[in-house]
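Peer 1: data.txt (compact mmCIF, C-alpha atoms) pasted underneath:
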# COMPACT_ATOMS: atom_id res chain seq x y z
CA MET A 765 111.26 156.16 96.98
CA PRO A 766 114.68 155.21 98.40
CA PRO A 767 117.57 154.88 95.95
CA GLU A 768 118.49 151.46 94.66
CA PRO A 769 121.23 149.95 96.84
CA ALA A 770 124.69 149.57 95.31
CA VAL A 771 125.00 146.08 96.75
CA LYS A 772 121.90 143.94 96.37
CA ARG A 773 121.66 141.23 99.01
CA ALA A 774 119.36 138.26 98.45
CA ILE A 775 118.00 135.37 100.44
CA ALA A 776 117.03 132.25 98.48
CA PHE A 777 113.89 130.51 99.78
CA ILE A 778 113.59 127.04 98.25
CA ASP A 779 110.66 124.69 98.77
CA GLY A 780 112.28 121.27 98.36
CA GLN A 781 109.20 119.21 97.53
CA ASN A 782 108.01 121.71 94.94
CA LEU A 783 111.47 121.91 93.36
CA PHE A 784 111.67 118.10 93.28
CA HIS A 785 108.28 117.73 91.58
CA ALA A 786 109.03 120.50 89.08
CA ALA A 787 112.39 118.92 88.16
CA ARG A 788 110.74 115.50 87.85
CA GLU A 789 107.98 116.85 85.60
CA SER A 790 110.34 118.99 83.50
CA PHE A 791 113.39 116.75 83.23
CA GLY A 792 112.22 113.28 84.31
CA TYR A 793 114.49 113.07 87.36
CA PRO A 794 113.34 110.19 89.59
CA TYR A 795 114.89 111.64 92.76
CA PRO A 796 115.94 115.06 94.11
CA ASN A 797 119.48 115.27 92.76
CA TYR A 798 119.75 119.05 92.94
CA ASP A 799 122.27 121.10 94.91
CA VAL A 800 120.40 124.03 96.49
CA SER A 801 123.61 125.84 97.46
CA ALA A 802 124.90 125.77 93.87
CA LEU A 803 121.46 126.76 92.55
CA ALA A 804 121.22 129.77 94.88
CA ILE A 805 124.77 130.91 94.09
CA THR A 806 124.24 130.55 90.33
CA VAL A 807 120.98 132.51 90.30
CA CYS A 808 122.40 135.29 92.46
CA GLN A 809 125.60 135.60 90.42
CA ALA A 810 123.58 135.78 87.19
CA GLN A 811 121.54 138.66 88.65
CA GLY A 812 124.50 140.48 90.21
CA TRP A 813 123.19 139.89 93.74
CA VAL A 814 125.14 138.98 96.87
CA LEU A 815 123.70 135.82 98.38
CA SER A 816 123.14 136.40 102.11
CA GLN A 817 121.41 133.12 102.97
CA THR A 818 119.86 130.03 101.47
CA ARG A 819 116.77 128.71 103.24
CA PHE A 820 115.38 125.30 102.39
CA TYR A 821 111.93 124.02 103.33
CA THR A 822 110.68 120.48 102.92
CA GLY A 823 108.26 117.95 104.22
CA ILE A 824 109.70 114.57 105.13
CA PRO A 825 107.63 111.39 104.96
CA ASP A 826 107.15 109.63 108.26
CA PRO A 827 109.57 106.68 108.59
CA ASN A 828 106.60 104.33 109.05
CA ASP A 829 104.94 105.57 105.84
CA ASP A 830 108.00 105.62 103.60
CA PRO A 831 111.31 104.57 105.16
CA PHE A 832 113.33 105.07 101.95
CA TRP A 833 112.31 108.71 101.38
CA HIS A 834 112.52 109.50 105.08
CA GLY A 835 116.12 108.29 105.10
CA PHE A 836 116.91 110.02 101.81
CA TRP A 837 115.65 113.43 102.98
CA SER A 838 117.26 113.07 106.40
CA ALA A 839 120.66 112.44 104.78
CA LYS A 840 120.20 115.21 102.18
CA LEU A 841 119.26 117.73 104.89
CA SER A 842 122.32 116.74 106.89
CA VAL A 843 124.57 117.57 103.92
CA MET A 844 122.77 120.86 103.27
CA GLY A 845 123.11 121.87 106.91
CA ARG A 846 126.87 121.31 106.75
CA GLN A 847 126.92 123.57 103.67
CA GLY A 848 125.39 126.39 105.72
CA VAL A 849 121.84 126.14 104.35
CA HIS A 850 119.18 127.16 106.88
CA LEU A 851 116.76 124.24 107.13
CA PHE A 852 113.12 123.85 108.04
CA ALA A 853 111.63 120.37 107.85
CA ARG A 854 108.48 118.78 109.17
CA SER A 855 106.16 115.86 108.44
CA LEU A 856 105.09 115.87 104.83
CA ARG A 857 101.71 117.56 104.27
CA TYR A 858 100.48 118.84 100.94
CA ARG A 859 97.90 121.61 100.82
CA ASN A 860 96.83 122.84 97.41
CA ARG A 861 95.76 126.46 97.24
CA VAL A 862 93.86 127.94 94.31
CA VAL A 863 93.91 131.67 93.57
CA ASN A 864 91.48 133.23 91.09
CA LEU A 865 93.37 135.77 89.00
CA PRO A 866 91.80 138.97 87.60
CA ASP A 867 91.93 137.62 84.02
CA GLY A 868 89.71 134.68 85.02
CA THR A 869 92.41 132.03 85.15
CA LYS A 870 93.17 130.01 88.24
CA HIS A 871 96.65 129.58 89.68
CA THR A 872 97.18 126.42 91.76
CA PHE A 873 100.17 126.01 94.06
CA LEU A 874 101.27 123.98 97.05
CA ALA A 875 101.22 126.21 100.12
CA GLY A 876 103.98 126.13 102.70
CA GLU A 877 105.85 128.08 105.36
CA GLU A 878 108.15 129.99 102.98
CA ASN A 879 105.73 132.90 102.56
CA ARG A 880 105.75 133.67 106.30
CA GLU A 881 109.56 133.57 106.42
CA LEU A 882 109.77 135.90 103.44
CA MET A 883 107.59 138.46 105.24
CA TYR A 884 109.90 138.40 108.28
CA ALA A 885 113.08 138.73 106.20
CA SER A 886 111.90 141.49 103.86
CA PRO A 887 113.17 144.51 105.89
CA TRP A 888 116.76 143.23 105.75
CA ILE A 889 117.18 142.22 102.11
CA SER A 890 117.14 143.87 98.69
CA SER A 891 115.54 140.96 96.88
CA ALA A 892 114.28 137.46 97.49
CA TRP A 893 113.09 134.70 95.26
CA LEU A 894 111.11 131.55 95.80
CA ILE A 895 111.33 128.32 93.88
CA VAL A 896 107.91 126.76 93.91
CA ARG A 897 105.84 124.49 91.74
CA SER A 898 102.81 125.93 90.06
CA SER A 899 100.38 125.10 87.30
CA MET A 900 98.14 127.37 85.33
CA SER A 901 94.62 126.28 84.44
CA PRO A 902 91.89 128.13 82.53
How does the structure come out when it is put into C-alpha cells?
Peer 2:
Amino acid sequence: MPPEPAVKRAIAFIDGQNLFHAARESFGYPYPNYDVSALAITVCQAQGWVLSQTRFYTGIPDPNDDPFWHGFWSAKLSVMGRQGVHLFARSLRYRNRVVNLPDGTKHTFLAGEENRELMYASPWISSAWLIVRSSMSP
C-alpha cells in the first residue's frame, strides 16, 4: 500500500438539486441560498485537505415549465462559474435509485452524473466527497 501523501488534495463534487432538497428538508430554506465555493473550502479546511476543484452538477427546469427556477438557476450558475466552480447543467430529470443493503435495509438516492466524474478524477486526487440527498428506509 502506498504511503499516505503529505498534502491531501480534494475535489468537491456537489449535486445542486440534492443539496437544495436536503437543506430545505433540514432547515426549511425555500430556495437554494448556499455558497458551494464556501462550503467546499470550509469542509476541506476542517479536514486538512487542499481543495483542487469544486464541481457542481444540477438539473435546470425548462423555461417553458418553470420560468422562475430556470432564471434562478441560470443566474446562480453564472455566479458560480465566475468563482471558478466547474459546472455541469442539463434539463432537470429525477431518477430514483434503490439499493438493497446487506443488512436488509434499502437506501434510496437520486442518481446523477457525479459518480461517473468521480471515477475519472480518482487517479489524480487523494480524496473526494459528494454531497447528495439520501433517505434510509427499512
Peer 1: Would you mind listing what lies within 9 Å of range 836-843 of chain A as a PyMOL selection string, with all atoms listed in the file counted and same-chain residues fewer than 4 positions away left out?
Peer 2: chain A and resi 820+822-825+831-832+847+849+851+853
Peer 1: Taking C-alpha atoms for each residue, export the selection above as a PDB file, in the frame of the given file.
Peer 2:
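See result-v8.pdb below for the written result:
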ATOM      1  CA  PHE A 820     115.380 125.300 102.390  1.00  0.00           C
ATOM      2  CA  THR A 822     110.680 120.480 102.920  1.00  0.00           C
ATOM      3  CA  GLY A 823     108.260 117.950 104.220  1.00  0.00           C
ATOM      4  CA  ILE A 824     109.700 114.570 105.130  1.00  0.00           C
ATOM      5  CA  PRO A 825     107.630 111.390 104.960  1.00  0.00           C
ATOM      6  CA  PRO A 831     111.310 104.570 105.160  1.00  0.00           C
ATOM      7  CA  PHE A 832     113.330 105.070 101.950  1.00  0.00           C
ATOM      8  CA  GLN A 847     126.920 123.570 103.670  1.00  0.00           C
ATOM      9  CA  VAL A 849     121.840 126.140 104.350  1.00  0.00           C
ATOM     10  CA  LEU A 851     116.760 124.240 107.130  1.00  0.00           C
ATOM     11  CA  ALA A 853     111.630 120.370 107.850  1.00  0.00           C
TER      12      ALA A 853
END
Peer 1: Which value, in Å to one decimal, gives the distance between CA of Phe852 in chain A and CA of Thr818 in chain A?
Peer 2: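 Spanning CA of Phe852 in chain A to CA of Thr818 in chain A is a straight-line distance of 11.3 Å.
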Peer 1: May I have the protein, DNA and RNA residues with an atom at most 9 Å from (123.9, 131.1, 105.2), counting all atoms listed in the file in the file's coordinates, returned as a list of chain:residue names?
Peer 2: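 The distance filter leaves exactly A:Ile775, A:Leu815, A:Ser816, A:Gln817, A:Thr818, A:Arg819, A:Gln847, A:Gly848, A:Val849, A:His850.
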Peer 1: Store the residues picked out above in a file with C-alpha atoms, as an mmCIF file, in the frame of the given file.
Peer 2:
data_model
loop_
_atom_site.group_PDB
_atom_site.id
_atom_site.type_symbol
_atom_site.label_atom_id
_atom_site.label_comp_id
_atom_site.auth_asym_id
_atom_site.auth_seq_id
_atom_site.Cartn_x
_atom_site.Cartn_y
_atom_site.Cartn_z
ATOM 1 C CA ILE A 775 118.000 135.370 100.440
ATOM 2 C CA LEU A 815 123.700 135.820 98.380
ATOM 3 C CA SER A 816 123.140 136.400 102.110
ATOM 4 C CA GLN A 817 121.410 133.120 102.970
ATOM 5 C CA THR A 818 119.860 130.030 101.470
ATOM 6 C CA ARG A 819 116.770 128.710 103.240
ATOM 7 C CA GLN A 847 126.920 123.570 103.670
ATOM 8 C CA GLY A 848 125.390 126.390 105.720
ATOM 9 C CA VAL A 849 121.840 126.140 104.350
ATOM 10 C CA HIS A 850 119.180 127.160 106.880
#
Peer 1: Nearest to Pro827 in chain A among A:Asp867, A:Leu783, A:Val800, A:Ser855, with distances taken over all atoms listed in the file: which residue is it?
Peer 2: A:Ser855
Peer 1: What gap, in Å, lies between CA of Ala774 in chain A and CA of Lys870 in chain A?
Peer 2: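 It comes out at 29.3 Å.
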Peer 1: Provide an axis-aligned box for all listed atoms of range 769-775 of chain A, padding each side by 8 Å; report its centre and its edge lengths in Å to one decimal, as lines of an AutoDock Vina configuration file.
Peer 2:
center_x = 121.5
center_y = 142.7
center_z = 97.9
size_x = 23.0
size_y = 30.6
size_z = 21.1
Peer 1: If you measure from CA of Phe777 in chain A to CA of Trp813 in chain A, what distance in Å do you get, rounded to one decimal?
Peer 2: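 Taking CA of Phe777 in chain A as the start and CA of Trp813 in chain A as the end point, the length is 14.5 Å.
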Peer 1: Contacts of Pro794 in chain A at 9 Å or less, counting all atoms listed in the file, minus same-chain residues fewer than 6 places along, as a list of chain:residue names?
Peer 2: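 Returned residues: A:Phe784, A:Ala787, A:Arg788.
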Peer 1: List the spatial neighbours of Asp799 in chain A as number ranges by chain - criterion: any atom at most 9 Å away, all atoms listed in the file, same-chain residues fewer than 4 positions off excluded.
Peer 2: A: 803-804, 844
Peer 1: Neighbourhood query: residues within 12 Å of (124.4, 150.6, 97.9), file coordinates, counting all atoms listed in the file; return as an MDAnalysis selection string.
Peer 2: chainID A and resid 766:773 813:814 889:890
Peer 1: Smallest atom-to-atom distance to Arg846 in chain A: which of A:Ser801, A:Gly868, A:Ala810, A:Asp826, using all atoms listed in the file?
Peer 2: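 Smallest distance to Arg846 in chain A is found for A:Ser801.
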Peer 1: Restricting the calculation to all atoms listed in the file, which member of A:Gly812, A:Ile805, A:Asn782, A:Tyr821 is positioned closest to Gly845 in chain A?
Peer 2: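 With all atoms listed in the file as the atom set, the closest residue is A:Tyr821.
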